[in-house]
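Below is upload-v9.txt, which holds compact mmCIF, C-alpha atoms.
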```txt
# COMPACT_ATOMS: atom_id res chain seq x y z
CA MET U 59 142.70 37.08 92.18
CA SER U 60 145.26 34.43 93.04
CA ALA U 61 143.94 31.03 91.98
CA GLU U 62 146.19 29.50 94.57
CA SER U 63 144.68 31.17 97.57
CA MET U 64 141.13 30.56 96.31
CA GLN U 65 142.17 26.93 95.98
CA ASP U 66 143.46 27.04 99.59
CA LEU U 67 140.13 28.33 100.84
CA PHE U 68 138.31 25.66 98.82
CA VAL U 69 140.43 22.84 100.27
CA GLU U 70 140.07 24.25 103.78
CA GLN U 71 136.28 24.23 103.49
CA LEU U 72 136.33 20.71 102.02
CA ARG U 73 138.22 19.61 105.15
CA ASP U 74 135.70 21.45 107.28
CA VAL U 75 132.73 19.65 105.69
CA TYR U 76 134.56 16.30 105.75
CA ASN U 77 134.89 16.71 109.51
CA ALA U 78 131.26 17.89 109.74
CA GLU U 79 129.97 14.80 107.88
CA ASN U 80 131.95 12.52 110.17
CA GLN U 81 130.49 14.30 113.21
CA ILE U 82 127.01 13.64 111.78
CA VAL U 83 127.78 9.93 111.24
CA LYS U 84 128.66 9.73 114.95
CA ALA U 85 125.64 11.75 116.15
CA LEU U 86 122.83 10.18 114.08
CA PRO U 87 122.60 6.76 115.80
CA LYS U 88 121.55 8.43 119.06
CA MET U 89 118.92 10.44 117.16
CA VAL U 90 117.60 7.19 115.63
CA ARG U 91 117.33 5.66 119.13
CA THR U 92 115.66 8.76 120.58
CA ALA U 93 112.99 9.12 117.86
CA SER U 94 109.59 7.60 118.62
CA SER U 95 107.78 7.89 115.29
CA GLU U 96 108.67 5.03 112.99
CA GLU U 97 108.61 7.35 109.99
CA LEU U 98 111.14 9.65 111.63
CA ARG U 99 113.36 6.78 112.78
CA ASN U 100 113.38 5.43 109.23
CA ALA U 101 114.20 8.86 107.84
CA PHE U 102 117.18 9.19 110.22
CA GLU U 103 118.38 5.66 109.44
CA GLU U 104 118.20 6.36 105.71
CA HIS U 105 120.01 9.63 106.20
CA LEU U 106 122.76 7.89 108.18
CA GLU U 107 123.42 5.57 105.23
CA GLN U 108 123.24 8.55 102.85
CA THR U 109 125.71 10.48 105.01
CA LYS U 110 128.19 7.60 104.88
CA GLY U 111 127.88 7.75 101.09
CA GLN U 112 128.53 11.50 101.22
CA VAL U 113 131.71 10.89 103.23
CA GLU U 114 132.87 8.52 100.49
CA ARG U 115 131.94 11.05 97.83
CA LEU U 116 134.11 13.63 99.59
CA GLU U 117 136.96 11.10 99.63
CA GLU U 118 136.52 10.84 95.85
CA VAL U 119 136.68 14.65 95.65
CA PHE U 120 139.97 14.71 97.60
CA GLN U 121 141.32 11.98 95.34
CA GLN U 122 140.37 13.87 92.18
CA LEU U 123 142.22 16.89 93.56
CA GLY U 124 145.27 14.73 94.34
CA LEU U 125 144.88 15.26 98.08
CA ARG U 126 144.69 12.98 101.09
CA ALA U 127 141.20 13.03 102.65
CA ARG U 128 141.39 14.68 106.05
CA GLY U 129 139.18 16.88 108.16
CA THR U 130 139.79 19.95 110.27
CA LYS U 131 137.62 20.81 113.28
CA CYS U 132 134.29 22.23 112.14
CA ALA U 133 133.16 24.57 114.93
CA GLY U 134 129.80 25.23 113.29
CA MET U 135 128.79 21.56 113.26
CA GLU U 136 130.09 21.13 116.81
CA GLY U 137 127.70 23.85 117.95
CA LEU U 138 124.77 22.29 116.08
CA ILE U 139 125.44 18.84 117.52
CA GLU U 140 125.84 20.32 121.01
CA GLU U 141 122.36 21.82 120.56
CA ALA U 142 120.95 18.47 119.45
CA LYS U 143 122.48 16.75 122.48
CA GLU U 144 121.04 19.39 124.82
CA MET U 145 117.60 18.76 123.32
CA MET U 146 117.93 14.99 123.67
CA SER U 147 118.79 15.38 127.37
CA GLU U 148 115.48 17.19 128.02
CA ASP U 149 112.53 15.35 129.48
CA TYR U 150 110.07 15.88 126.63
CA GLU U 151 107.27 13.48 125.94
CA GLU U 152 107.56 11.43 122.76
CA SER U 153 105.82 13.61 120.18
CA VAL U 154 107.52 16.76 121.49
CA MET U 155 110.93 15.06 121.41
CA ASP U 156 110.27 14.04 117.80
CA ALA U 157 109.51 17.68 116.93
CA ALA U 158 112.73 18.75 118.69
CA LEU U 159 114.76 16.12 116.81
CA ILE U 160 113.38 17.29 113.46
CA ALA U 161 114.30 20.87 114.34
CA ALA U 162 117.86 19.86 115.26
CA ALA U 163 118.22 17.76 112.11
CA GLN U 164 116.97 20.56 109.86
CA LYS U 165 119.60 22.92 111.28
CA VAL U 166 122.23 20.33 110.37
CA GLU U 167 120.74 19.85 106.87
CA HIS U 168 120.72 23.58 106.25
CA TYR U 169 124.30 23.93 107.37
CA GLU U 170 125.19 21.35 104.75
CA ILE U 171 123.01 22.95 102.07
CA ALA U 172 124.87 26.22 102.64
CA ILE U 173 128.35 24.72 102.55
CA TYR U 174 127.79 22.37 99.62
CA GLY U 175 126.21 25.21 97.64
CA THR U 176 129.30 27.33 98.33
CA LEU U 177 131.73 24.50 97.51
CA ARG U 178 129.92 23.69 94.25
CA THR U 179 130.15 27.35 93.17
CA TRP U 180 133.84 27.53 94.11
CA ALA U 181 134.60 24.24 92.29
CA ARG U 182 133.15 25.78 89.11
CA ARG U 183 135.09 29.00 89.72
CA LEU U 184 138.31 26.97 89.97
CA GLY U 185 137.53 24.90 86.87
CA HIS U 186 137.03 21.62 88.80
CA ASP U 187 133.91 20.68 86.85
CA ASP U 188 133.84 16.97 87.79
CA VAL U 189 134.21 17.87 91.45
CA ALA U 190 131.41 20.43 91.08
CA GLU U 191 129.13 17.65 89.80
CA LEU U 192 129.92 15.40 92.77
CA LEU U 193 129.20 18.26 95.17
CA GLN U 194 125.94 18.99 93.35
CA GLU U 195 124.84 15.36 93.90
CA THR U 196 125.28 15.72 97.64
CA LEU U 197 123.60 19.14 97.59
CA ASN U 198 120.55 17.55 95.93
CA GLU U 199 120.45 14.77 98.53
CA GLU U 200 120.62 17.29 101.39
CA GLY U 201 117.79 19.31 99.85
CA GLU U 202 115.65 16.17 99.56
CA ALA U 203 116.46 15.09 103.13
CA ASP U 204 115.41 18.52 104.41
CA GLN U 205 112.19 18.39 102.38
CA LYS U 206 111.41 14.94 103.79
CA LEU U 207 111.82 16.27 107.36
CA THR U 208 109.52 19.20 106.57
CA GLU U 209 106.88 16.73 105.33
CA ILE U 210 107.17 14.64 108.50
CA ALA U 211 106.90 17.79 110.67
CA GLU U 212 103.85 18.98 108.74
CA SER U 213 102.15 15.58 108.87
CA MET U 214 102.49 15.75 112.68
CA VAL U 215 100.61 19.08 112.65
CA ASN U 216 97.87 17.60 110.46
CA VAL U 217 97.43 14.49 112.61
CA GLU U 218 97.00 16.66 115.68
CA ALA U 219 94.59 19.02 113.90
CA ALA U 220 92.48 15.99 112.89
CA GLU U 221 92.54 14.70 116.49
CA THR U 222 91.54 18.09 117.86
CA ALA U 223 88.65 18.31 115.38
CA ARG U 224 87.26 14.91 116.45
CA MET B 52 100.51 15.18 123.09
CA SER B 53 100.70 17.76 125.84
CA ALA B 54 100.16 21.20 124.36
CA GLU B 55 102.03 22.63 127.33
CA SER B 56 105.30 20.88 126.69
CA MET B 57 105.13 21.61 122.93
CA GLN B 58 104.60 25.23 123.97
CA ASP B 59 107.68 24.97 126.25
CA LEU B 60 109.79 23.71 123.34
CA PHE B 61 108.45 26.51 121.13
CA VAL B 62 109.31 29.22 123.67
CA GLU B 63 112.74 27.71 124.28
CA GLN B 64 113.53 27.83 120.57
CA LEU B 65 112.22 31.39 120.31
CA ARG B 66 114.70 32.33 123.05
CA ASP B 67 117.42 30.49 121.16
CA VAL B 68 116.77 32.42 117.94
CA TYR B 69 116.40 35.72 119.83
CA ASN B 70 119.91 35.16 121.19
CA ALA B 71 121.12 34.08 117.74
CA GLU B 72 119.80 37.26 116.08
CA ASN B 73 121.49 39.41 118.72
CA GLN B 74 124.76 37.57 118.12
CA ILE B 75 124.40 38.37 114.39
CA VAL B 76 123.76 42.07 115.10
CA LYS B 77 127.07 42.11 117.01
CA ALA B 78 129.02 40.15 114.38
CA LEU B 79 127.90 41.85 111.17
CA PRO B 80 129.69 45.22 111.55
CA LYS B 81 133.08 43.45 111.39
CA MET B 82 131.96 41.59 108.28
CA VAL B 83 130.95 44.92 106.69
CA ARG B 84 134.42 46.35 107.48
CA THR B 85 136.20 43.23 106.18
CA ALA B 86 134.34 43.02 102.85
CA SER B 87 136.07 44.61 99.84
CA SER B 88 133.39 44.47 97.17
CA GLU B 89 131.02 47.41 97.47
CA GLU B 90 128.11 45.17 96.47
CA LEU B 91 128.89 42.76 99.29
CA ARG B 92 129.45 45.53 101.83
CA ASN B 93 126.07 47.01 100.90
CA ALA B 94 124.41 43.59 101.18
CA PHE B 95 125.84 43.11 104.69
CA GLU B 96 124.84 46.63 105.73
CA GLU B 97 121.31 46.07 104.48
CA HIS B 98 121.17 42.74 106.25
CA LEU B 99 122.32 44.33 109.50
CA GLU B 100 119.36 46.73 109.36
CA GLN B 101 117.05 43.86 108.42
CA THR B 102 118.36 41.78 111.34
CA LYS B 103 117.63 44.62 113.77
CA GLY B 104 114.07 44.59 112.38
CA GLN B 105 113.91 40.83 112.93
CA VAL B 106 114.95 41.28 116.55
CA GLU B 107 112.06 43.74 116.98
CA ARG B 108 109.70 41.31 115.24
CA LEU B 109 110.70 38.61 117.74
CA GLU B 110 110.00 41.06 120.57
CA GLU B 111 106.52 41.47 119.08
CA VAL B 112 106.16 37.66 119.05
CA PHE B 113 107.10 37.44 122.75
CA GLN B 114 104.63 40.21 123.50
CA GLN B 115 101.80 38.46 121.63
CA LEU B 116 102.54 35.34 123.68
CA GLY B 117 102.46 37.38 126.90
CA LEU B 118 106.15 36.77 127.57
CA ARG B 119 109.13 38.95 128.32
CA ALA B 120 111.63 38.93 125.42
CA ARG B 121 114.78 37.15 126.53
CA GLY B 122 117.39 34.93 124.92
CA THR B 123 119.17 31.77 126.01
CA LYS B 124 122.63 30.87 124.75
CA CYS B 125 122.44 29.58 121.18
CA ALA B 126 125.40 27.17 120.81
CA GLY B 127 124.77 26.66 117.08
CA MET B 128 125.11 30.36 116.24
CA GLU B 129 128.16 30.64 118.51
CA GLY B 130 129.86 27.94 116.43
CA LEU B 131 128.94 29.65 113.15
CA ILE B 132 130.22 33.00 114.34
CA GLU B 133 133.41 31.40 115.66
CA GLU B 134 133.95 30.02 112.14
CA ALA B 135 133.35 33.43 110.60
CA LYS B 136 135.87 35.01 112.99
CA GLU B 137 138.46 32.33 112.19
CA MET B 138 138.02 33.10 108.48
CA MET B 139 138.35 36.84 109.03
CA SER B 140 141.64 36.30 110.89
CA GLU B 141 143.16 34.55 107.83
CA ASP B 142 145.45 36.41 105.48
CA TYR B 143 143.40 36.05 102.30
CA GLU B 144 143.60 38.51 99.50
CA GLU B 145 140.55 40.68 98.95
CA SER B 146 138.50 38.64 96.47
CA VAL B 147 139.17 35.40 98.36
CA MET B 148 138.18 37.02 101.68
CA ASP B 149 134.94 38.19 100.05
CA ALA B 150 134.23 34.61 98.95
CA ALA B 151 134.97 33.39 102.49
CA LEU B 152 132.67 36.04 103.99
CA ILE B 153 129.81 35.02 101.70
CA ALA B 154 130.30 31.37 102.70
CA ALA B 155 130.19 32.27 106.40
CA ALA B 156 127.13 34.47 105.92
CA GLN B 157 125.26 31.79 103.99
CA LYS B 158 125.81 29.31 106.83
CA VAL B 159 124.25 31.87 109.18
CA GLU B 160 121.34 32.50 106.77
CA HIS B 161 120.64 28.78 106.45
CA TYR B 162 120.69 28.32 110.20
CA GLU B 163 117.99 30.95 110.38
CA ILE B 164 116.00 29.50 107.47
CA ALA B 165 115.94 26.17 109.31
CA ILE B 166 114.91 27.58 112.67
CA TYR B 167 112.31 30.05 111.38
CA GLY B 168 110.78 27.30 109.21
CA THR B 169 110.50 25.10 112.29
CA LEU B 170 109.11 27.89 114.47
CA ARG B 171 106.54 28.85 111.84
CA THR B 172 105.32 25.23 111.63
CA TRP B 173 105.18 24.92 115.43
CA ALA B 174 103.30 28.24 115.76
CA ARG B 175 100.62 26.86 113.41
CA ARG B 176 100.57 23.57 115.34
CA LEU B 177 99.96 25.50 118.55
CA GLY B 178 97.28 27.70 116.99
CA HIS B 179 99.35 30.92 117.17
CA ASP B 180 98.39 32.02 113.67
CA ASP B 181 99.39 35.69 114.01
CA VAL B 182 102.77 34.66 115.36
CA ALA B 183 103.15 32.18 112.48
CA GLU B 184 102.65 35.06 110.04
CA LEU B 185 105.31 37.20 111.71
CA LEU B 186 107.76 34.28 111.61
CA GLN B 187 106.92 33.69 107.94
CA GLU B 188 107.85 37.32 107.16
CA THR B 189 111.30 36.81 108.64
CA LEU B 190 111.65 33.45 106.89
CA ASN B 191 110.96 35.17 103.55
CA GLU B 192 113.55 37.86 104.29
CA GLU B 193 116.18 35.25 105.17
CA GLY B 194 115.47 33.35 101.96
CA GLU B 195 115.88 36.55 99.93
CA ALA B 196 119.09 37.49 101.75
CA ASP B 197 120.52 34.04 101.00
CA GLN B 198 119.50 34.33 97.33
CA LYS B 199 121.17 37.75 97.12
CA LEU B 200 124.44 36.29 98.48
CA THR B 201 124.27 33.44 95.95
CA GLU B 202 123.89 36.01 93.16
CA ILE B 203 126.89 37.99 94.41
CA ALA B 204 128.97 34.77 94.66
CA GLU B 205 127.97 33.74 91.14
CA SER B 206 128.65 37.17 89.67
CA MET B 207 132.20 36.86 91.08
CA VAL B 208 132.63 33.61 89.13
CA ASN B 209 131.35 35.23 85.95
CA VAL B 210 133.60 38.27 86.26
CA GLU B 211 136.62 36.01 86.62
CA ALA B 212 135.54 33.80 83.71
CA ALA B 213 135.24 36.92 81.54
CA GLU B 214 138.69 38.12 82.65
CA THR B 215 140.23 34.72 81.90
CA ALA B 216 138.62 34.68 78.43
CA ARG B 217 140.08 38.09 77.55
```
As a first step, turn the structure in this file into structure tokens.
Amino acid sequence: MSAESMQDLFVEQLRDVYNAENQIVKALPKMVRTASSEELRNAFEEHLEQTKGQVERLEEVFQQLGLRARGTKCAGMEGLIEEAKEMMSEDYEESVMDAALIAAAQKVEHYEIAIYGTLRTWARRLGHDDVAELLQETLNEEGEADQKLTEIAESMVNVEAAETAR
Amino acid sequence: MSAESMQDLFVEQLRDVYNAENQIVKALPKMVRTASSEELRNAFEEHLEQTKGQVERLEEVFQQLGLRARGTKCAGMEGLIEEAKEMMSEDYEESVMDAALIAAAQKVEHYEIAIYGTLRTWARRLGHDDVAELLQETLNEEGEADQKLTEIAESMVNVEAAETAR
């Protein structure tokens, strides 16, 4: 085990997620505009602010590691955002588009849950305990954001079930 | 709410995940060959078999819906697999490559957790209860596979901590 090359991998993935977060900051405003349900629009708006905070938190991580904050192209997030854009270009009616937007957003959330979980574990492995705590904060926020989207998706099912039963 | 267009979205996303699963079946053998730790290699091999089972389960879903099983290009999974391939082309030493492989695999797992969670919720919304159960089975398997990878990643940290303490 060479600590140096594990450190290289860690920094590389930090740059990957820094780029991914910035891609999300650019993509979310269109999702806000496309959403019809007020609850969903609010959730996306809140998450946009939260994401900007996560970008700043990553900048703090780079600083603590003595590195300049910079991103490298994150192909995974590019694919996820391409999917979201494809969905938004479809001619769905409002409630169906909202369901599609939630699906796209949950893929993005889960990407982040995976990568922040990994980065947190690696930070511990490398002895960067303060950095691990910062990454854990973001991981918790992503988990909550995903849970919130699940609740909105499920409340849509329940509303329709109630309407059908009428 | 037009049940028809929600059904269209549901089928479209089933085709997306059917393509995604087939991409994983193609990508996993290289990950098995690249992994050094026997535990990780076994986990990938097991997951390859499980993924083939998930492909068959999706074929059962299509059949229950009276549809021919076919996929449409899943851009999200393409991006994730591109990332995994980039990682495998790096010149990491064995234990670092194993860590990188776990990271790549957990991104894939989380993509699937997100999409199967969505599909399960939509199946219920559309009244396809048997299909919802099939999708839940796969969702549980993906959750367990992700948990298994987390355990392997954490055991790597502990082994190194023990070696450092010696």
With all atoms listed in the file counted and 7 Å as the cut-off, give the residues of chain B in contact with chain U, each with its shortest interatomic distance in Å and the pair that gives it, as CSV.
```
residue,atom,partner,partner_atom,distance
B:Met52,CA,U:Ser153,CA,6.3
B:Ser56,CA,U:Tyr150,CA,6.9
B:Met57,CA,U:Val154,CA,5.6
B:Ala126,CA,U:Gly137,CA,4.9
B:Gly127,CA,U:Gly137,CA,4.2
B:Glu129,CA,U:Gly137,CA,6.8
B:Gly130,CA,U:Gly134,CA,4.1
B:Leu131,CA,U:Gly134,CA,4.5
B:Glu133,CA,U:Ala133,CA,6.9
B:Glu134,CA,U:Ala133,CA,6.2
B:Tyr143,CA,U:Ser63,CA,6.9
B:Ser146,CA,U:Met59,CA,6.2
B:Val147,CA,U:Met64,CA,5.6
B:Ala154,CA,U:Thr176,CA,6.0
B:Gln157,CA,U:Ala172,CA,5.7
B:Lys158,CA,U:Ala172,CA,5.3
B:His161,CA,U:His168,CA,5.2
B:Tyr162,CA,U:Lys165,CA,5.6
B:Ala165,CA,U:Lys165,CA,5.3
B:Ile166,CA,U:Lys165,CA,6.8
B:Thr169,CA,U:Ala161,CA,6.0
B:Arg176,CA,U:Val215,CA,5.2
B:Val208,CA,U:Arg183,CA,5.3
```
Checklist line | For Leu79 in chain B: contacts at 12 Å, only C-alpha atoms, fewer than 3 positions along chain excluded, given as number ranges by chain | finding: B: 72-76, 82-86, 91-103, 132, 135-136, 139, 152-153, 155-156, 159
Next item on the list: Go ahead and find all residues with at least one atom no further than 9 Å from (139.6, 21.3, 105.6) in the file's coordinates, using only C-alpha atoms; report them as a list in words.
Entry: Leu67, Phe68, Val69, Glu70, Gln71, Leu72, Arg73, Asp74, Val75, Tyr76, Asn77, Ala127, Arg128, Gly129, Thr130, Lys131 and Cys132 of chain U
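The spacing separating CA of Asn191 in chain B from CA of Asp149 in chain B amounts to 24.4 Å.
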Margin query: Report, in Å to a single decimal, how far apart CA of Pro80 in chain B and CA of Glu195 in chain B are.
Written below: 20.0 Å
